[in-house]
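Just run_14.txt here, compact mmCIF, N, CA and C atoms:
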```txt
# COMPACT_ATOMS: atom_id res chain seq x y z
N MET A 1 2.44 18.36 16.62
CA MET A 1 1.84 17.33 17.42
C MET A 1 0.38 17.68 17.75
N ILE A 2 0.15 18.98 17.98
CA ILE A 2 -1.21 19.41 18.30
C ILE A 2 -2.13 19.13 17.12
N ALA A 3 -1.62 19.31 15.91
CA ALA A 3 -2.45 19.06 14.73
C ALA A 3 -2.89 17.60 14.66
N LEU A 4 -2.01 16.67 15.03
CA LEU A 4 -2.38 15.26 15.02
C LEU A 4 -3.45 14.96 16.07
N ILE A 5 -3.32 15.57 17.24
CA ILE A 5 -4.32 15.37 18.29
C ILE A 5 -5.66 15.94 17.81
N GLN A 6 -5.62 17.10 17.18
CA GLN A 6 -6.85 17.71 16.67
C GLN A 6 -7.45 16.85 15.57
N LEU A 7 -6.63 16.22 14.76
CA LEU A 7 -7.14 15.35 13.71
C LEU A 7 -7.93 14.20 14.32
N GLY A 8 -7.42 13.64 15.42
CA GLY A 8 -8.16 12.58 16.11
C GLY A 8 -9.48 13.09 16.67
N ASP A 9 -9.46 14.30 17.25
CA ASP A 9 -10.69 14.89 17.78
C ASP A 9 -11.70 15.14 16.67
N VAL A 10 -11.20 15.59 15.52
CA VAL A 10 -12.09 15.82 14.37
C VAL A 10 -12.73 14.51 13.95
N ALA A 11 -11.96 13.44 13.89
CA ALA A 11 -12.50 12.14 13.49
C ALA A 11 -13.56 11.66 14.48
N ILE A 12 -13.31 11.83 15.76
CA ILE A 12 -14.29 11.42 16.77
C ILE A 12 -15.55 12.27 16.65
N GLY A 13 -15.36 13.58 16.48
CA GLY A 13 -16.51 14.46 16.32
C GLY A 13 -17.34 14.10 15.10
N ALA A 14 -16.66 13.78 14.01
CA ALA A 14 -17.38 13.40 12.78
C ALA A 14 -18.15 12.10 12.99
N ALA A 15 -17.56 11.15 13.70
CA ALA A 15 -18.25 9.88 13.94
C ALA A 15 -19.49 10.09 14.81
N VAL A 16 -19.37 10.93 15.83
CA VAL A 16 -20.52 11.21 16.70
C VAL A 16 -21.61 11.91 15.91
N ARG A 17 -21.23 12.87 15.09
CA ARG A 17 -22.21 13.61 14.28
C ARG A 17 -22.89 12.66 13.30
N ALA A 18 -22.13 11.76 12.72
CA ALA A 18 -22.72 10.79 11.80
C ALA A 18 -23.73 9.90 12.53
N GLY A 19 -23.40 9.52 13.75
CA GLY A 19 -24.33 8.73 14.54
C GLY A 19 -25.61 9.49 14.84
N GLU A 20 -25.48 10.77 15.15
CA GLU A 20 -26.66 11.60 15.41
C GLU A 20 -27.52 11.72 14.16
N LYS A 21 -26.87 11.97 13.03
CA LYS A 21 -27.61 12.09 11.78
C LYS A 21 -28.29 10.78 11.43
N SER A 22 -27.61 9.66 11.71
CA SER A 22 -28.21 8.35 11.44
C SER A 22 -29.46 8.15 12.28
N ALA A 23 -29.38 8.52 13.54
CA ALA A 23 -30.54 8.38 14.42
C ALA A 23 -31.68 9.26 13.93
N ASP A 24 -31.37 10.49 13.51
CA ASP A 24 -32.39 11.39 12.98
C ASP A 24 -33.03 10.79 11.73
N LYS A 25 -32.21 10.29 10.82
CA LYS A 25 -32.73 9.72 9.57
C LYS A 25 -33.58 8.48 9.84
N LEU A 26 -33.13 7.64 10.77
CA LEU A 26 -33.88 6.44 11.10
C LEU A 26 -35.23 6.80 11.70
N SER A 27 -35.25 7.81 12.55
CA SER A 27 -36.50 8.25 13.16
C SER A 27 -37.45 8.78 12.09
N ALA A 28 -36.93 9.60 11.16
CA ALA A 28 -37.76 10.12 10.09
C ALA A 28 -38.27 8.99 9.20
N PHE A 29 -37.42 8.00 8.94
CA PHE A 29 -37.83 6.87 8.11
C PHE A 29 -38.95 6.09 8.78
N ARG A 30 -38.81 5.86 10.08
CA ARG A 30 -39.87 5.13 10.81
C ARG A 30 -41.19 5.90 10.76
N ALA A 31 -41.12 7.22 10.95
CA ALA A 31 -42.34 8.02 10.92
C ALA A 31 -42.99 7.95 9.54
N ARG A 32 -42.19 8.06 8.50
CA ARG A 32 -42.71 7.99 7.14
C ARG A 32 -43.25 6.60 6.85
N PHE A 33 -42.55 5.59 7.34
CA PHE A 33 -42.99 4.20 7.16
C PHE A 33 -44.37 4.01 7.79
N ASP A 34 -44.54 4.54 8.99
CA ASP A 34 -45.83 4.40 9.68
C ASP A 34 -46.93 5.16 8.95
N ARG A 35 -46.62 6.36 8.43
CA ARG A 35 -47.63 7.17 7.74
C ARG A 35 -48.07 6.53 6.44
N GLN A 36 -47.13 6.00 5.70
CA GLN A 36 -47.48 5.47 4.38
C GLN A 36 -48.10 4.08 4.46
N GLY A 37 -47.86 3.40 5.57
CA GLY A 37 -48.48 2.10 5.74
C GLY A 37 -48.13 1.12 4.63
N LEU A 38 -46.86 0.85 4.48
CA LEU A 38 -46.42 -0.07 3.42
C LEU A 38 -47.14 -1.40 3.59
N ARG A 39 -47.71 -1.85 2.50
CA ARG A 39 -48.56 -3.03 2.60
C ARG A 39 -47.89 -4.31 2.12
N THR A 40 -46.95 -4.19 1.21
CA THR A 40 -46.41 -5.42 0.63
C THR A 40 -44.93 -5.59 1.00
N ALA A 41 -44.52 -6.79 0.99
CA ALA A 41 -43.12 -7.09 1.27
C ALA A 41 -42.23 -6.52 0.17
N ALA A 42 -42.74 -6.46 -1.04
CA ALA A 42 -41.96 -5.92 -2.16
C ALA A 42 -41.65 -4.45 -1.93
N GLU A 43 -42.62 -3.70 -1.41
CA GLU A 43 -42.39 -2.29 -1.12
C GLU A 43 -41.33 -2.13 -0.03
N VAL A 44 -41.44 -2.93 1.00
CA VAL A 44 -40.47 -2.88 2.10
C VAL A 44 -39.07 -3.24 1.56
N TRP A 45 -39.01 -4.28 0.74
CA TRP A 45 -37.71 -4.70 0.20
C TRP A 45 -37.11 -3.63 -0.71
N ALA A 46 -37.94 -2.98 -1.50
CA ALA A 46 -37.46 -1.92 -2.40
C ALA A 46 -36.87 -0.77 -1.59
N ARG A 47 -37.54 -0.37 -0.54
CA ARG A 47 -37.01 0.71 0.30
C ARG A 47 -35.75 0.26 1.03
N TRP A 48 -35.75 -0.97 1.47
CA TRP A 48 -34.57 -1.52 2.15
C TRP A 48 -33.36 -1.50 1.21
N THR A 49 -33.58 -1.89 -0.03
CA THR A 49 -32.51 -1.92 -1.03
C THR A 49 -31.98 -0.53 -1.30
N VAL A 50 -32.86 0.45 -1.43
CA VAL A 50 -32.43 1.83 -1.66
C VAL A 50 -31.55 2.31 -0.51
N LEU A 51 -31.98 2.02 0.71
CA LEU A 51 -31.19 2.43 1.88
C LEU A 51 -29.85 1.71 1.93
N ALA A 52 -29.83 0.43 1.57
CA ALA A 52 -28.58 -0.32 1.58
C ALA A 52 -27.61 0.24 0.55
N GLU A 53 -28.12 0.58 -0.63
CA GLU A 53 -27.25 1.16 -1.67
C GLU A 53 -26.71 2.51 -1.24
N ARG A 54 -27.55 3.32 -0.62
CA ARG A 54 -27.08 4.62 -0.15
C ARG A 54 -26.06 4.44 0.96
N GLY A 55 -26.30 3.50 1.84
CA GLY A 55 -25.34 3.23 2.92
C GLY A 55 -23.99 2.79 2.38
N ALA A 56 -24.01 1.93 1.37
CA ALA A 56 -22.76 1.46 0.78
C ALA A 56 -22.02 2.61 0.12
N ALA A 57 -22.75 3.48 -0.58
CA ALA A 57 -22.12 4.63 -1.23
C ALA A 57 -21.51 5.57 -0.20
N GLU A 58 -22.22 5.81 0.89
CA GLU A 58 -21.71 6.70 1.94
C GLU A 58 -20.50 6.08 2.64
N ARG A 59 -20.53 4.77 2.82
CA ARG A 59 -19.39 4.10 3.44
C ARG A 59 -18.15 4.26 2.58
N GLU A 60 -18.30 4.07 1.28
CA GLU A 60 -17.17 4.22 0.37
C GLU A 60 -16.68 5.67 0.34
N ARG A 61 -17.61 6.62 0.36
CA ARG A 61 -17.23 8.03 0.39
C ARG A 61 -16.46 8.34 1.67
N GLY A 62 -16.90 7.77 2.77
CA GLY A 62 -16.21 7.97 4.04
C GLY A 62 -14.82 7.35 4.03
N LYS A 63 -14.70 6.17 3.43
CA LYS A 63 -13.38 5.53 3.34
C LYS A 63 -12.42 6.37 2.51
N ARG A 64 -12.91 6.91 1.39
CA ARG A 64 -12.06 7.77 0.56
C ARG A 64 -11.64 9.02 1.31
N GLY A 65 -12.57 9.61 2.05
CA GLY A 65 -12.24 10.80 2.83
C GLY A 65 -11.22 10.50 3.92
N ALA A 66 -11.39 9.36 4.58
CA ALA A 66 -10.43 8.97 5.62
C ALA A 66 -9.06 8.70 5.01
N GLN A 67 -9.04 8.07 3.85
CA GLN A 67 -7.76 7.80 3.18
C GLN A 67 -7.06 9.10 2.80
N ARG A 68 -7.84 10.06 2.29
CA ARG A 68 -7.25 11.36 1.96
C ARG A 68 -6.68 12.04 3.20
N ALA A 69 -7.40 11.95 4.31
CA ALA A 69 -6.92 12.57 5.55
C ALA A 69 -5.64 11.91 6.04
N VAL A 70 -5.59 10.58 5.98
CA VAL A 70 -4.38 9.87 6.40
C VAL A 70 -3.22 10.20 5.48
N ASP A 71 -3.46 10.21 4.18
CA ASP A 71 -2.40 10.55 3.22
C ASP A 71 -1.85 11.95 3.48
N ALA A 72 -2.75 12.90 3.74
CA ALA A 72 -2.31 14.27 4.01
C ALA A 72 -1.50 14.34 5.30
N ALA A 73 -1.94 13.60 6.32
CA ALA A 73 -1.20 13.60 7.59
C ALA A 73 0.18 12.98 7.43
N VAL A 74 0.27 11.89 6.71
CA VAL A 74 1.57 11.24 6.49
C VAL A 74 2.48 12.14 5.67
N GLU A 75 1.93 12.77 4.65
CA GLU A 75 2.72 13.69 3.82
C GLU A 75 3.25 14.85 4.66
N ARG A 76 2.39 15.38 5.49
CA ARG A 76 2.81 16.50 6.34
C ARG A 76 3.87 16.05 7.33
N LEU A 77 3.71 14.86 7.89
CA LEU A 77 4.69 14.34 8.84
C LEU A 77 6.02 14.08 8.16
N ALA A 78 5.97 13.51 6.96
CA ALA A 78 7.22 13.20 6.24
C ALA A 78 8.02 14.44 5.93
N HIS A 79 7.36 15.56 5.74
CA HIS A 79 8.06 16.80 5.41
C HIS A 79 8.21 17.73 6.61
N SER A 80 7.96 17.19 7.79
CA SER A 80 8.06 18.03 8.98
C SER A 80 9.53 18.28 9.33
N PRO A 81 9.82 19.39 9.98
CA PRO A 81 11.20 19.71 10.36
C PRO A 81 11.82 18.67 11.30
N ILE A 82 11.05 18.08 12.19
CA ILE A 82 11.60 17.10 13.13
C ILE A 82 12.09 15.86 12.40
N VAL A 83 11.32 15.40 11.40
CA VAL A 83 11.75 14.23 10.63
C VAL A 83 13.01 14.57 9.84
N GLY A 84 13.06 15.77 9.29
CA GLY A 84 14.26 16.21 8.58
C GLY A 84 15.49 16.21 9.48
N ARG A 85 15.32 16.65 10.72
CA ARG A 85 16.45 16.65 11.65
C ARG A 85 16.89 15.23 12.00
N VAL A 86 15.92 14.31 12.15
CA VAL A 86 16.27 12.91 12.46
C VAL A 86 17.03 12.30 11.29
N VAL A 87 16.56 12.54 10.07
CA VAL A 87 17.24 11.99 8.89
C VAL A 87 18.65 12.57 8.77
N ASP A 88 18.78 13.87 8.99
CA ASP A 88 20.10 14.50 8.93
C ASP A 88 21.04 13.91 9.96
N ALA A 89 20.53 13.68 11.17
CA ALA A 89 21.37 13.11 12.23
C ALA A 89 21.84 11.71 11.86
N GLN A 90 20.95 10.90 11.31
CA GLN A 90 21.33 9.54 10.92
C GLN A 90 22.31 9.57 9.74
N PHE A 91 22.11 10.49 8.83
CA PHE A 91 23.02 10.62 7.70
C PHE A 91 24.42 11.00 8.19
N GLU A 92 24.48 11.92 9.13
CA GLU A 92 25.78 12.29 9.71
C GLU A 92 26.42 11.09 10.40
N ARG A 93 25.62 10.29 11.06
CA ARG A 93 26.13 9.10 11.75
C ARG A 93 26.74 8.12 10.75
N VAL A 94 26.06 7.92 9.63
CA VAL A 94 26.58 7.00 8.60
C VAL A 94 27.86 7.54 7.99
N LEU A 95 27.91 8.83 7.71
CA LEU A 95 29.12 9.42 7.15
C LEU A 95 30.29 9.31 8.12
N THR A 96 30.02 9.50 9.40
CA THR A 96 31.07 9.36 10.42
C THR A 96 31.57 7.92 10.46
N LEU A 97 30.66 6.97 10.37
CA LEU A 97 31.05 5.55 10.34
C LEU A 97 31.92 5.27 9.13
N LEU A 98 31.54 5.79 7.97
CA LEU A 98 32.34 5.58 6.76
C LEU A 98 33.74 6.19 6.92
N GLU A 99 33.80 7.31 7.57
CA GLU A 99 35.08 7.99 7.75
C GLU A 99 35.95 7.28 8.79
N ASN A 100 35.36 6.84 9.88
CA ASN A 100 36.13 6.26 10.99
C ASN A 100 36.42 4.78 10.84
N GLU A 101 35.58 4.05 10.13
CA GLU A 101 35.76 2.60 10.01
C GLU A 101 35.68 2.16 8.54
N PRO A 102 36.62 2.59 7.71
CA PRO A 102 36.55 2.24 6.28
C PRO A 102 36.71 0.74 6.03
N ASP A 103 37.46 0.04 6.89
CA ASP A 103 37.65 -1.40 6.69
C ASP A 103 36.33 -2.16 6.85
N ARG A 104 35.53 -1.73 7.78
CA ARG A 104 34.23 -2.36 8.01
C ARG A 104 33.34 -2.20 6.77
N VAL A 105 33.37 -1.02 6.19
CA VAL A 105 32.57 -0.76 5.00
C VAL A 105 33.14 -1.50 3.80
N ARG A 106 34.47 -1.55 3.69
CA ARG A 106 35.08 -2.28 2.57
C ARG A 106 34.70 -3.76 2.59
N GLY A 107 34.63 -4.33 3.79
CA GLY A 107 34.24 -5.74 3.90
C GLY A 107 32.84 -5.98 3.35
N VAL A 108 31.93 -5.08 3.65
CA VAL A 108 30.56 -5.22 3.15
C VAL A 108 30.55 -5.08 1.63
N ILE A 109 31.27 -4.09 1.13
CA ILE A 109 31.31 -3.87 -0.33
C ILE A 109 31.98 -5.04 -1.02
N ARG A 110 33.07 -5.55 -0.45
CA ARG A 110 33.77 -6.69 -1.04
C ARG A 110 32.85 -7.91 -1.10
N GLY A 111 32.12 -8.15 -0.04
CA GLY A 111 31.18 -9.28 -0.03
C GLY A 111 30.12 -9.14 -1.11
N GLN A 112 29.60 -7.92 -1.28
CA GLN A 112 28.61 -7.69 -2.33
C GLN A 112 29.21 -7.90 -3.71
N ARG A 113 30.42 -7.39 -3.89
CA ARG A 113 31.09 -7.53 -5.18
C ARG A 113 31.31 -9.00 -5.51
N ASP A 114 31.82 -9.77 -4.53
CA ASP A 114 32.05 -11.20 -4.75
C ASP A 114 30.76 -11.92 -5.12
N SER A 115 29.68 -11.55 -4.45
CA SER A 115 28.39 -12.18 -4.73
C SER A 115 27.93 -11.86 -6.15
N ILE A 116 28.07 -10.60 -6.55
CA ILE A 116 27.64 -10.19 -7.90
C ILE A 116 28.50 -10.87 -8.96
N VAL A 117 29.82 -10.90 -8.74
CA VAL A 117 30.73 -11.53 -9.71
C VAL A 117 30.42 -13.02 -9.81
N GLY A 118 30.21 -13.67 -8.67
CA GLY A 118 29.90 -15.10 -8.68
C GLY A 118 28.63 -15.40 -9.45
N GLU A 119 27.62 -14.56 -9.29
CA GLU A 119 26.37 -14.76 -10.01
C GLU A 119 26.57 -14.56 -11.51
N ALA A 120 27.35 -13.54 -11.89
CA ALA A 120 27.61 -13.29 -13.31
C ALA A 120 28.37 -14.45 -13.94
N VAL A 121 29.38 -14.96 -13.24
CA VAL A 121 30.16 -16.09 -13.76
C VAL A 121 29.26 -17.31 -13.93
N GLY A 122 28.38 -17.54 -12.97
CA GLY A 122 27.45 -18.67 -13.07
C GLY A 122 26.55 -18.56 -14.29
N ARG A 123 26.07 -17.36 -14.57
CA ARG A 123 25.22 -17.17 -15.74
C ARG A 123 25.99 -17.38 -17.04
N VAL A 124 27.23 -16.88 -17.08
CA VAL A 124 28.05 -17.07 -18.28
C VAL A 124 28.31 -18.55 -18.51
N ARG A 125 28.64 -19.28 -17.43
CA ARG A 125 28.89 -20.72 -17.56
C ARG A 125 27.66 -21.46 -18.04
N ALA A 126 26.50 -21.10 -17.51
CA ALA A 126 25.26 -21.77 -17.93
C ALA A 126 24.98 -21.48 -19.39
N GLY A 127 25.20 -20.24 -19.81
CA GLY A 127 24.99 -19.89 -21.23
C GLY A 127 25.97 -20.62 -22.13
N ALA A 128 27.22 -20.74 -21.69
CA ALA A 128 28.23 -21.44 -22.49
C ALA A 128 27.88 -22.92 -22.62
N ALA A 129 27.42 -23.53 -21.52
CA ALA A 129 27.05 -24.95 -21.57
C ALA A 129 25.89 -25.16 -22.52
N ALA A 130 24.91 -24.25 -22.48
CA ALA A 130 23.77 -24.38 -23.39
C ALA A 130 24.23 -24.21 -24.84
N GLY A 131 25.15 -23.26 -25.08
CA GLY A 131 25.69 -23.04 -26.43
C GLY A 131 26.46 -24.24 -26.92
N ASP A 132 27.25 -24.87 -26.02
CA ASP A 132 28.01 -26.06 -26.40
C ASP A 132 27.07 -27.18 -26.85
N GLY A 133 25.98 -27.35 -26.15
CA GLY A 133 25.02 -28.40 -26.52
C GLY A 133 24.43 -28.15 -27.89
N VAL A 134 24.11 -26.90 -28.18
CA VAL A 134 23.53 -26.56 -29.49
C VAL A 134 24.56 -26.81 -30.59
N VAL A 135 25.80 -26.38 -30.37
CA VAL A 135 26.85 -26.57 -31.38
C VAL A 135 27.08 -28.07 -31.61
N ASP A 136 27.12 -28.87 -30.55
CA ASP A 136 27.31 -30.32 -30.70
C ASP A 136 26.20 -30.95 -31.54
N ARG A 137 24.96 -30.58 -31.29
CA ARG A 137 23.85 -31.14 -32.06
C ARG A 137 23.93 -30.71 -33.52
N LEU A 138 24.31 -29.47 -33.73
CA LEU A 138 24.42 -28.95 -35.10
C LEU A 138 25.51 -29.69 -35.87
N THR A 139 26.68 -29.89 -35.26
CA THR A 139 27.78 -30.57 -35.95
C THR A 139 27.44 -32.03 -36.21
N LEU A 140 26.72 -32.68 -35.29
CA LEU A 140 26.31 -34.07 -35.51
C LEU A 140 25.37 -34.17 -36.71
N ARG A 141 24.46 -33.23 -36.81
CA ARG A 141 23.51 -33.25 -37.94
C ARG A 141 24.25 -33.00 -39.26
N MET A 142 25.16 -32.04 -39.24
CA MET A 142 25.85 -31.68 -40.48
C MET A 142 26.80 -32.79 -40.93
N SER A 143 27.38 -33.51 -40.00
CA SER A 143 28.31 -34.57 -40.37
C SER A 143 27.58 -35.85 -40.73
N GLY A 144 26.31 -35.94 -40.39
CA GLY A 144 25.54 -37.12 -40.74
C GLY A 144 25.86 -38.31 -39.87
N ARG A 145 26.44 -38.08 -38.70
CA ARG A 145 26.81 -39.19 -37.82
C ARG A 145 25.68 -39.64 -36.93
N GLY A 146 24.58 -39.03 -37.03
CA GLY A 146 23.48 -39.49 -36.18
C GLY A 146 22.54 -38.35 -35.86
N ASP A 147 21.43 -38.76 -35.31
CA ASP A 147 20.46 -37.74 -34.90
C ASP A 147 20.89 -37.12 -33.60
N ALA A 148 20.49 -35.87 -33.43
CA ALA A 148 20.79 -35.18 -32.17
C ALA A 148 19.94 -35.78 -31.08
N PRO A 149 20.49 -35.87 -29.87
CA PRO A 149 19.68 -36.47 -28.76
C PRO A 149 18.50 -35.61 -28.43
```
File written out as C-alpha cells:
Amino acid sequence: MIALIQLGDVAIGAAVRAGEKSADKLSAFRARFDRQGLRTAAEVWARWTVLAERGAAERERGKRGAQRAVDAAVERLAHSPIVGRVVDAQFERVLTLLENEPDRVRGVIRGQRDSIVGEAVGRVRAGAAAGDGVVDRLTLRMSGRGDAP
C-alpha cells in the first residue's frame, strides 16, 4: 500500500518539476525572443510551430510513461499476496457451494444444456429446410415440370 501512495507522490512531484522546467524554459525563450528581436510574423510562426511540435512529442512521451507506470502498478497488484488470498477465499467459497448445494448447480447446468441443445436443434432444422428447398428445385428442373421458383 505504501508503494501505491509513493507512486502518487512521485507523479505529483514529477508534475511540479515539469511545471518548474516549463516556467524556466518560457523565461529563457522570452529572453531570447527579446534579444533576437524577431521582425516578421513568419519567424514568430516558425518558432511557435517548433515549440508546438516539441510540446506534442513531450506530451506523447509523458502519456507513454504514465501508461507504463499504470501497467506496472496493475501487474504488481494483480500478483500481490493479498489478491491471491482473496481469490483463494472466493474459490473455496465456490467449491463449498458446489459441495453443499449440488441441486442448485445442477439447475444452472441443466438450463445451459437445454439452451445449447435448443440452439443446435434450431440450426439443424434451418439447414434441413434449406436443403429441402434445394432438392425440390433440383428435382423440378430434372423432371422438366417447370422452372424453379
What is the CA of Ala56 (chain A) to atom N of Ser27 (chain A) distance in Å?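 We find that CA of Ala56 (chain A) and atom N of Ser27 (chain A) lie 18.3 Å from each other.
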Interatomic distance, CA of Pro102 (chain A) to CA of Gln90 (chain A) (Å, one decimal): 17.5 Å
Can you work out which one of A:Arg137, A:Ala11, A:Met142, A:Lys25 has the shortest atom-to-atom distance to Val70 (chain A), counting only C-alpha atoms?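 Counting only C-alpha atoms, the residue closest to Val70 (chain A) is A:Ala11.
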In Å, with one decimal, what is the gap from atom C of Ala52 (chain A) to atom C of Lys21 (chain A)?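 Atom C of Ala52 (chain A) sits 15.2 Å away from atom C of Lys21 (chain A).
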